[in-house]
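Heads up: the structure comes next, in structure tokens.
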Amino acid sequence: MTEERQPQIQIKNIAKLYGDHHVQALADISLEIYRGEFVALMGASGCGKSTLLNIIGGIDRPTGGQVIFGNSELNKMTDEQLTRLRASKIGFVFQFFNLLSTLTVRENIALPLELLGKENRAAVRKRVDDMLEHVNMSKRADFYPALLSGGELQRTAIARALIHNPELILADEPTGNLDTENGLAILQLLHSINHEQKLTIVMATHSPEAASYAQRIFQIKDGHLVGESTECPDT
Ligand code: ADP
Ligand code: MG
């Protein structure tokens, strides 16, 4: 008996026009991503990477085409349903970290769990403690973001993205605001998360070095998918 391997994410003929349709951010993008893959969306600034990532994550809606995530057809869902899908199944990592400045590291990481409201305080505490250790931030648990380095901020943001056990991590230029050393550490952390937890990661980047951590690289130019390549980083 043969079993067809179903993609986790199907992106079909996605187009995105902005404003009065003078800006075509994306044109007819089709690609499939499988569970457990680490893929990169690579291209120059303005080519449409963030737009595509936001459409995959249901933050933004395409003007054409469709995204199917698991069994969910995103274009058939209401904003509220998309918000719930994100809260339970997707973790986001951004270039500028997007942590809440009035919350400590621990509180920032706990936030997605608090919003889901499924677990009691002791269980949340335990999950957050384990996660702090996982990203090597235990010593900074009670610090506010203003006191942290870029690398520490991004490790905190990755912990926040992982805390609710998502099925997908979307990372938008996660090393774009870090020096080389901290950037490498973040890429290695993403690699180990993908490798050890078999968690799907889709990363937008303009950096070929960052993209080399992915197993497949989709090249985007002026809103078009212009190529796909396969890398073998450290196998
Ligand atoms: P990248 O992430 O690759 O730098 P973006 O997805 O941010 O690219 O942007 C793709 C194109 O869409 C760019 O030309 C950008 O100026 C345009 N764009 C992005 N967001 C908007 C918006 N809200 N309104 C109008 N144009 C936008
Ligand atoms: Mg971008």
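Going through the structure tokens in order, the chains are called A, B, and so on, while each chain numbers its residues from 1 and the ligands are numbered from 1 in the order shown.
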How close does each residue of stretch 164-224 of chain A get to stretch 97-117 of chain A, giving the shortest atom pair and distance in Å to one decimal for every residue with an atom at most 12 Å away, counting only C-alpha atoms, sorted by chain and residue number, as CSV?
residue,atom,partner,partner_atom,distance
A:His164,CA,A:Leu113,CA,6.1
A:Asn165,CA,A:Leu113,CA,9.9
A:Pro166,CA,A:Pro112,CA,10.6
A:Ala171,CA,A:Phe97,CA,10.2
A:Asp172,CA,A:Phe97,CA,9.8
A:Glu173,CA,A:Phe97,CA,10.0
A:Pro174,CA,A:Phe97,CA,8.0
A:Thr175,CA,A:Phe97,CA,9.9
A:Gly176,CA,A:Phe97,CA,10.3
A:Asn177,CA,A:Phe97,CA,9.0
A:Leu178,CA,A:Phe97,CA,10.6
Could you give me, as CSV, every chain A residue with an atom at most 7 Å from ligand 2, plus its closest atom pair and distance in Å to one decimal, counting only C-alpha atoms and all ligand atoms, rows ordered by chain then number?
residue,atom,partner,partner_atom_place_in_ligand_line,distance
A:Ser45,CA,ligand 2,1 (Mg),6.5
A:Gly46,CA,ligand 2,1 (Mg),6.7
A:Gly48,CA,ligand 2,1 (Mg),6.9
A:Lys49,CA,ligand 2,1 (Mg),5.5
A:Ser50,CA,ligand 2,1 (Mg),4.1
A:Asp172,CA,ligand 2,1 (Mg),6.5
A:Glu173,CA,ligand 2,1 (Mg),6.9
Among the residues of stretch 80-212 of chain A, find those DSSP assigns to helix (DSSP H, G or I) from the backbone and print them as a ChimeraX atom specification. /A:80-89,105-116,121-134,138-140,145-147,150-162,180-197,208-211
Collect all residues with atoms no farther than 8 Å from ligand 1, counting only C-alpha atoms and all ligand atoms, and output them as a compact mmCIF listing (two decimals) with N, CA, C and O atoms, in the first residue's frame.
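Here's the written file out-v1.txt:
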# COMPACT_ATOMS: atom_id res chain seq x y z
N LEU A 17 -1.99 42.24 -4.35
CA LEU A 17 -1.92 43.59 -4.90
C LEU A 17 -2.21 44.56 -3.77
O LEU A 17 -3.10 44.32 -2.96
N TYR A 18 -1.45 45.63 -3.74
CA TYR A 18 -1.67 46.62 -2.68
C TYR A 18 -2.30 47.87 -3.24
O TYR A 18 -2.15 48.18 -4.41
N GLY A 19 -2.96 48.58 -2.34
CA GLY A 19 -3.50 49.90 -2.66
C GLY A 19 -4.46 49.84 -3.83
O GLY A 19 -5.31 48.97 -3.91
N VAL A 23 0.71 48.31 -6.89
CA VAL A 23 1.85 47.55 -6.37
C VAL A 23 1.49 46.07 -6.33
O VAL A 23 0.58 45.65 -5.61
N GLN A 24 2.18 45.29 -7.15
CA GLN A 24 1.98 43.84 -7.10
C GLN A 24 3.09 43.25 -6.24
O GLN A 24 4.22 43.07 -6.70
N ALA A 25 2.76 42.97 -4.98
CA ALA A 25 3.78 42.44 -4.06
C ALA A 25 4.08 40.98 -4.35
O ALA A 25 5.21 40.54 -4.18
N LEU A 26 3.06 40.22 -4.77
CA LEU A 26 3.24 38.80 -5.08
C LEU A 26 2.45 38.45 -6.33
O LEU A 26 1.33 38.94 -6.52
N MET A 42 13.92 33.45 0.13
CA MET A 42 15.05 34.35 0.02
C MET A 42 14.90 35.31 -1.15
O MET A 42 14.37 34.96 -2.20
N GLY A 43 15.34 36.52 -0.92
CA GLY A 43 15.32 37.51 -1.99
C GLY A 43 15.62 38.89 -1.42
O GLY A 43 15.65 39.09 -0.21
N ALA A 44 15.84 39.83 -2.33
CA ALA A 44 16.22 41.19 -1.93
C ALA A 44 15.08 41.88 -1.19
O ALA A 44 13.93 41.46 -1.26
N SER A 45 15.43 42.92 -0.49
CA SER A 45 14.44 43.73 0.22
C SER A 45 13.35 44.19 -0.76
O SER A 45 13.65 44.61 -1.87
N GLY A 46 12.10 44.05 -0.34
CA GLY A 46 10.99 44.49 -1.18
C GLY A 46 10.48 43.45 -2.16
O GLY A 46 9.52 43.69 -2.89
N CYS A 47 11.06 42.24 -2.16
CA CYS A 47 10.65 41.23 -3.15
C CYS A 47 9.35 40.53 -2.77
O CYS A 47 8.76 39.84 -3.59
N GLY A 48 8.91 40.69 -1.51
CA GLY A 48 7.63 40.10 -1.13
C GLY A 48 7.70 39.03 -0.06
O GLY A 48 6.70 38.39 0.25
N LYS A 49 8.87 38.85 0.56
CA LYS A 49 9.04 37.78 1.55
C LYS A 49 8.09 37.94 2.74
O LYS A 49 7.41 36.99 3.13
N SER A 50 8.06 39.12 3.32
CA SER A 50 7.22 39.33 4.51
C SER A 50 5.75 39.17 4.15
O SER A 50 4.97 38.59 4.91
N THR A 51 5.39 39.68 2.98
CA THR A 51 4.00 39.56 2.53
C THR A 51 3.61 38.10 2.45
O THR A 51 2.55 37.69 2.95
N LEU A 52 4.47 37.28 1.87
CA LEU A 52 4.16 35.86 1.72
C LEU A 52 4.10 35.16 3.09
O LEU A 52 3.18 34.39 3.36
N ASP A 172 10.62 35.91 10.34
CA ASP A 172 10.84 36.97 9.35
C ASP A 172 12.14 37.70 9.64
O ASP A 172 12.21 38.46 10.60
N ALA A 204 12.00 33.86 6.33
CA ALA A 204 12.28 34.85 5.28
C ALA A 204 13.61 35.49 5.58
O ALA A 204 13.89 35.85 6.73
N THR A 205 14.46 35.61 4.56
CA THR A 205 15.76 36.23 4.77
C THR A 205 16.31 36.78 3.46
O THR A 205 16.00 36.26 2.39
N HIS A 206 17.11 37.82 3.55
CA HIS A 206 17.81 38.29 2.35
C HIS A 206 19.25 37.77 2.36
O HIS A 206 20.01 38.00 1.44
N ASP A 222 10.98 40.25 -7.18
CA ASP A 222 9.87 41.13 -7.58
C ASP A 222 8.51 40.42 -7.49
O ASP A 222 7.68 40.55 -8.40
N GLY A 223 8.30 39.68 -6.43
CA GLY A 223 7.01 39.04 -6.20
C GLY A 223 6.80 37.72 -6.92
O GLY A 223 5.75 37.11 -6.78
Neighbour list for A:Ile217 as a PyMOL selection string, cut-off 10 Å, only C-alpha atoms, skip fewer than 5 positions in-chain: chain A and resi 38-43+202-204+208+211-212+227-231
For the residues in that selection, give me N, CA and C atoms as a PDB file, in the first residue's frame.
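Dumped to selection00.pdb:
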ATOM      1  N   PHE A  38      12.643  22.667   6.998  1.00  0.00           N
ATOM      2  CA  PHE A  38      13.135  24.012   7.295  1.00  0.00           C
ATOM      3  C   PHE A  38      13.356  24.654   5.927  1.00  0.00           C
ATOM      4  N   VAL A  39      12.494  25.586   5.567  1.00  0.00           N
ATOM      5  CA  VAL A  39      12.637  26.218   4.252  1.00  0.00           C
ATOM      6  C   VAL A  39      12.881  27.716   4.414  1.00  0.00           C
ATOM      7  N   ALA A  40      13.558  28.268   3.424  1.00  0.00           N
ATOM      8  CA  ALA A  40      13.818  29.705   3.425  1.00  0.00           C
ATOM      9  C   ALA A  40      13.145  30.350   2.222  1.00  0.00           C
ATOM     10  N   LEU A  41      12.600  31.534   2.460  1.00  0.00           N
ATOM     11  CA  LEU A  41      12.131  32.391   1.378  1.00  0.00           C
ATOM     12  C   LEU A  41      13.190  33.463   1.240  1.00  0.00           C
ATOM     13  N   MET A  42      13.916  33.446   0.133  1.00  0.00           N
ATOM     14  CA  MET A  42      15.055  34.347   0.019  1.00  0.00           C
ATOM     15  C   MET A  42      14.897  35.312  -1.149  1.00  0.00           C
ATOM     16  N   GLY A  43      15.344  36.524  -0.924  1.00  0.00           N
ATOM     17  CA  GLY A  43      15.316  37.514  -1.990  1.00  0.00           C
ATOM     18  C   GLY A  43      15.620  38.888  -1.425  1.00  0.00           C
ATOM     19  N   VAL A 202       9.566  28.106   8.478  1.00  0.00           N
ATOM     20  CA  VAL A 202       9.643  28.883   7.240  1.00  0.00           C
ATOM     21  C   VAL A 202      10.272  30.215   7.605  1.00  0.00           C
ATOM     22  N   MET A 203      11.420  30.489   7.016  1.00  0.00           N
ATOM     23  CA  MET A 203      12.187  31.678   7.381  1.00  0.00           C
ATOM     24  C   MET A 203      12.360  32.585   6.170  1.00  0.00           C
ATOM     25  N   ALA A 204      12.002  33.858   6.327  1.00  0.00           N
ATOM     26  CA  ALA A 204      12.276  34.846   5.280  1.00  0.00           C
ATOM     27  C   ALA A 204      13.613  35.488   5.582  1.00  0.00           C
ATOM     28  N   PRO A 208      22.082  34.993   2.127  1.00  0.00           N
ATOM     29  CA  PRO A 208      22.367  33.635   1.639  1.00  0.00           C
ATOM     30  C   PRO A 208      22.916  32.756   2.759  1.00  0.00           C
ATOM     31  N   ALA A 211      20.028  31.619   4.800  1.00  0.00           N
ATOM     32  CA  ALA A 211      19.230  30.677   4.002  1.00  0.00           C
ATOM     33  C   ALA A 211      19.898  29.315   3.911  1.00  0.00           C
ATOM     34  N   SER A 212      21.238  29.280   4.027  1.00  0.00           N
ATOM     35  CA  SER A 212      21.943  28.010   3.890  1.00  0.00           C
ATOM     36  C   SER A 212      21.618  27.047   5.030  1.00  0.00           C
ATOM     37  N   GLY A 227      12.986  30.470  -8.404  1.00  0.00           N
ATOM     38  CA  GLY A 227      13.836  29.289  -8.334  1.00  0.00           C
ATOM     39  C   GLY A 227      13.726  28.595  -7.001  1.00  0.00           C
ATOM     40  N   GLU A 228      14.192  27.348  -6.990  1.00  0.00           N
ATOM     41  CA  GLU A 228      14.218  26.578  -5.761  1.00  0.00           C
ATOM     42  C   GLU A 228      15.521  25.804  -5.747  1.00  0.00           C
ATOM     43  N   SER A 229      16.200  25.842  -4.620  1.00  0.00           N
ATOM     44  CA  SER A 229      17.438  25.075  -4.533  1.00  0.00           C
ATOM     45  C   SER A 229      17.463  24.304  -3.224  1.00  0.00           C
ATOM     46  N   THR A 230      18.300  23.314  -3.200  1.00  0.00           N
ATOM     47  CA  THR A 230      18.398  22.446  -2.040  1.00  0.00           C
ATOM     48  C   THR A 230      19.786  22.574  -1.448  1.00  0.00           C
ATOM     49  N   GLU A 231      19.838  22.766  -0.160  1.00  0.00           N
ATOM     50  CA  GLU A 231      21.137  22.878   0.521  1.00  0.00           C
ATOM     51  C   GLU A 231      21.295  21.700   1.464  1.00  0.00           C
TER      52      GLU A 231
END
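You will find atom CA of A:Ile56 at 21.0 Å from atom CA of A:Leu187.
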Can you tell me how far atom CA of A:Val93 sits from atom CA of A:Ile163, in Å to one decimal? 12.3 Å
Can you build me a table of stretch 82-106 of chain A residues sitting at most 8 Å from stretch 158-161 of chain A, with the closest atom pair per residue and its distance in Å to one decimal, using only C-alpha atoms, sorted by chain and residue number, as a tab-separated table?
residue	atom	partner	partner_atom	distance
A:Ile90	CA	A:Ala161	CA	7.6
A:Gly91	CA	A:Ala161	CA	4.1
A:Phe92	CA	A:Ala161	CA	5.5
A:Val93	CA	A:Ile158	CA	6.1
Keeping only N, CA, C and O atoms, write the selected residues to a file as a PDB file, in the first residue's frame.
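Output file again_3.pdb follows:
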ATOM      1  N   ILE A  90       0.678  28.241  15.382  1.00  0.00           N
ATOM      2  CA  ILE A  90       1.786  28.943  14.718  1.00  0.00           C
ATOM      3  C   ILE A  90       2.564  29.777  15.724  1.00  0.00           C
ATOM      4  O   ILE A  90       1.986  30.372  16.632  1.00  0.00           O
ATOM      5  N   GLY A  91       3.887  29.787  15.573  1.00  0.00           N
ATOM      6  CA  GLY A  91       4.732  30.675  16.361  1.00  0.00           C
ATOM      7  C   GLY A  91       5.452  31.633  15.421  1.00  0.00           C
ATOM      8  O   GLY A  91       5.967  31.211  14.393  1.00  0.00           O
ATOM      9  N   PHE A  92       5.457  32.912  15.773  1.00  0.00           N
ATOM     10  CA  PHE A  92       6.102  33.928  14.924  1.00  0.00           C
ATOM     11  C   PHE A  92       7.374  34.455  15.576  1.00  0.00           C
ATOM     12  O   PHE A  92       7.410  34.712  16.774  1.00  0.00           O
ATOM     13  N   VAL A  93       8.396  34.650  14.741  1.00  0.00           N
ATOM     14  CA  VAL A  93       9.643  35.286  15.181  1.00  0.00           C
ATOM     15  C   VAL A  93       9.910  36.426  14.202  1.00  0.00           C
ATOM     16  O   VAL A  93       9.831  36.226  12.985  1.00  0.00           O
TER      17      VAL A  93
END
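We find atom CA of A:Leu53 and atom CA of A:Met131 to be spaced 24.9 Å apart.
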Running DSSP on the backbone, which parts of stretch 32-114 of chain A land in strand (DSSP E), as number ranges by chain? A: 32-33, 38-42, 64-69, 72-73, 90-93
Residue neighbourhood A:Ala27, 8 Å, only C-alpha atoms, exclusion window fewer than 5 positions, as an NGL selection string: :A and (13-16 or 223-224)
Near A:Ile55, within 12 Å and counting only C-alpha atoms, which residues show up once chain neighbours fewer than 6 positions away are dropped, as number ranges by chain? A: 9-12, 14-16, 25-26, 29, 48-49, 61-69, 73-75, 82, 86, 170
Export, as a compact mmCIF listing (two decimals), in the first residue's frame, the selected residues with N, CA, C and O atoms.
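Generated file (result.txt):
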# COMPACT_ATOMS: atom_id res chain seq x y z
N ILE A 9 1.66 22.51 4.19
CA ILE A 9 1.20 23.81 3.71
C ILE A 9 1.19 23.80 2.20
O ILE A 9 2.19 23.45 1.57
N GLN A 10 0.06 24.15 1.61
CA GLN A 10 -0.03 24.28 0.16
C GLN A 10 -0.32 25.73 -0.18
O GLN A 10 -1.31 26.30 0.30
N ILE A 11 0.54 26.30 -0.99
CA ILE A 11 0.37 27.68 -1.42
C ILE A 11 0.08 27.63 -2.90
O ILE A 11 0.89 27.13 -3.68
N LYS A 12 -1.13 28.09 -3.27
CA LYS A 12 -1.57 27.93 -4.65
C LYS A 12 -1.86 29.27 -5.30
O LYS A 12 -2.80 29.96 -4.92
N ILE A 14 -0.74 32.26 -5.32
CA ILE A 14 -0.96 33.42 -4.46
C ILE A 14 -0.56 34.72 -5.16
O ILE A 14 0.52 34.83 -5.73
N ALA A 15 -1.46 35.67 -5.13
CA ALA A 15 -1.17 37.02 -5.62
C ALA A 15 -1.52 38.02 -4.53
O ALA A 15 -2.42 37.78 -3.72
N LYS A 16 -0.78 39.10 -4.49
CA LYS A 16 -1.11 40.17 -3.55
C LYS A 16 -0.90 41.52 -4.22
O LYS A 16 0.22 41.86 -4.64
N ALA A 25 2.76 42.97 -4.98
CA ALA A 25 3.78 42.44 -4.06
C ALA A 25 4.08 40.98 -4.35
O ALA A 25 5.21 40.54 -4.18
N LEU A 26 3.06 40.22 -4.77
CA LEU A 26 3.24 38.80 -5.08
C LEU A 26 2.45 38.45 -6.33
O LEU A 26 1.33 38.94 -6.52
N ILE A 29 2.33 32.80 -6.91
CA ILE A 29 3.29 31.97 -6.17
C ILE A 29 2.63 30.65 -5.78
O ILE A 29 1.58 30.64 -5.13
N GLY A 48 8.91 40.69 -1.51
CA GLY A 48 7.63 40.10 -1.13
C GLY A 48 7.70 39.03 -0.06
O GLY A 48 6.70 38.39 0.25
N LYS A 49 8.87 38.85 0.56
CA LYS A 49 9.04 37.78 1.55
C LYS A 49 8.09 37.94 2.74
O LYS A 49 7.41 36.99 3.13
N ARG A 61 -4.23 38.73 4.05
CA ARG A 61 -4.97 37.91 3.09
C ARG A 61 -4.49 38.21 1.67
O ARG A 61 -4.23 39.36 1.33
N PRO A 62 -4.39 37.16 0.84
CA PRO A 62 -3.98 37.39 -0.54
C PRO A 62 -5.13 38.00 -1.34
O PRO A 62 -6.29 37.91 -0.92
N THR A 63 -4.82 38.61 -2.48
CA THR A 63 -5.89 39.08 -3.36
C THR A 63 -6.25 38.01 -4.38
O THR A 63 -7.24 38.12 -5.09
N GLY A 64 -5.43 36.95 -4.45
CA GLY A 64 -5.75 35.82 -5.31
C GLY A 64 -5.07 34.57 -4.80
O GLY A 64 -4.08 34.66 -4.08
N GLY A 65 -5.63 33.41 -5.16
CA GLY A 65 -5.01 32.15 -4.79
C GLY A 65 -5.41 31.70 -3.40
O GLY A 65 -6.24 32.33 -2.74
N GLN A 66 -4.83 30.60 -2.96
CA GLN A 66 -5.21 30.10 -1.65
C GLN A 66 -4.06 29.43 -0.90
O GLN A 66 -3.10 28.96 -1.49
N VAL A 67 -4.21 29.43 0.43
CA VAL A 67 -3.27 28.75 1.30
C VAL A 67 -4.04 27.69 2.07
O VAL A 67 -5.09 27.97 2.64
N ILE A 68 -3.52 26.48 2.04
CA ILE A 68 -4.12 25.40 2.82
C ILE A 68 -3.09 24.97 3.85
O ILE A 68 -1.97 24.59 3.51
N PHE A 69 -3.46 25.08 5.11
CA PHE A 69 -2.56 24.72 6.21
C PHE A 69 -3.19 23.55 6.95
O PHE A 69 -4.24 23.70 7.58
N GLU A 73 -8.45 25.70 5.07
CA GLU A 73 -8.33 26.61 3.92
C GLU A 73 -8.44 28.02 4.45
O GLU A 73 -9.52 28.48 4.83
N LEU A 74 -7.31 28.69 4.49
CA LEU A 74 -7.26 29.99 5.16
C LEU A 74 -8.24 31.01 4.58
O LEU A 74 -8.82 31.81 5.31
N ASN A 75 -8.43 30.96 3.26
CA ASN A 75 -9.30 31.98 2.64
C ASN A 75 -10.77 31.78 2.98
O ASN A 75 -11.58 32.68 2.79
N LEU A 82 -8.92 32.72 12.07
CA LEU A 82 -7.49 32.81 11.77
C LEU A 82 -6.70 33.14 13.04
O LEU A 82 -5.62 32.59 13.26
N ARG A 86 -3.76 30.78 14.58
CA ARG A 86 -2.41 31.27 14.91
C ARG A 86 -2.07 30.99 16.36
O ARG A 86 -0.99 30.53 16.68
N LEU A 170 7.12 30.61 11.86
CA LEU A 170 7.37 31.55 10.78
C LEU A 170 8.34 32.59 11.30
O LEU A 170 8.06 33.26 12.31
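Among A:Glu152, A:Glu133, A:Glu119, A:Glu37, the residue with the shortest atom-to-atom distance to A:Leu199, counting only C-alpha atoms, is A:Glu37.
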So, counting only C-alpha atoms, which residue among A:Ser30, A:Gln8, A:Thr156, A:Thr180 is closest to A:Ile220? A:Ser30
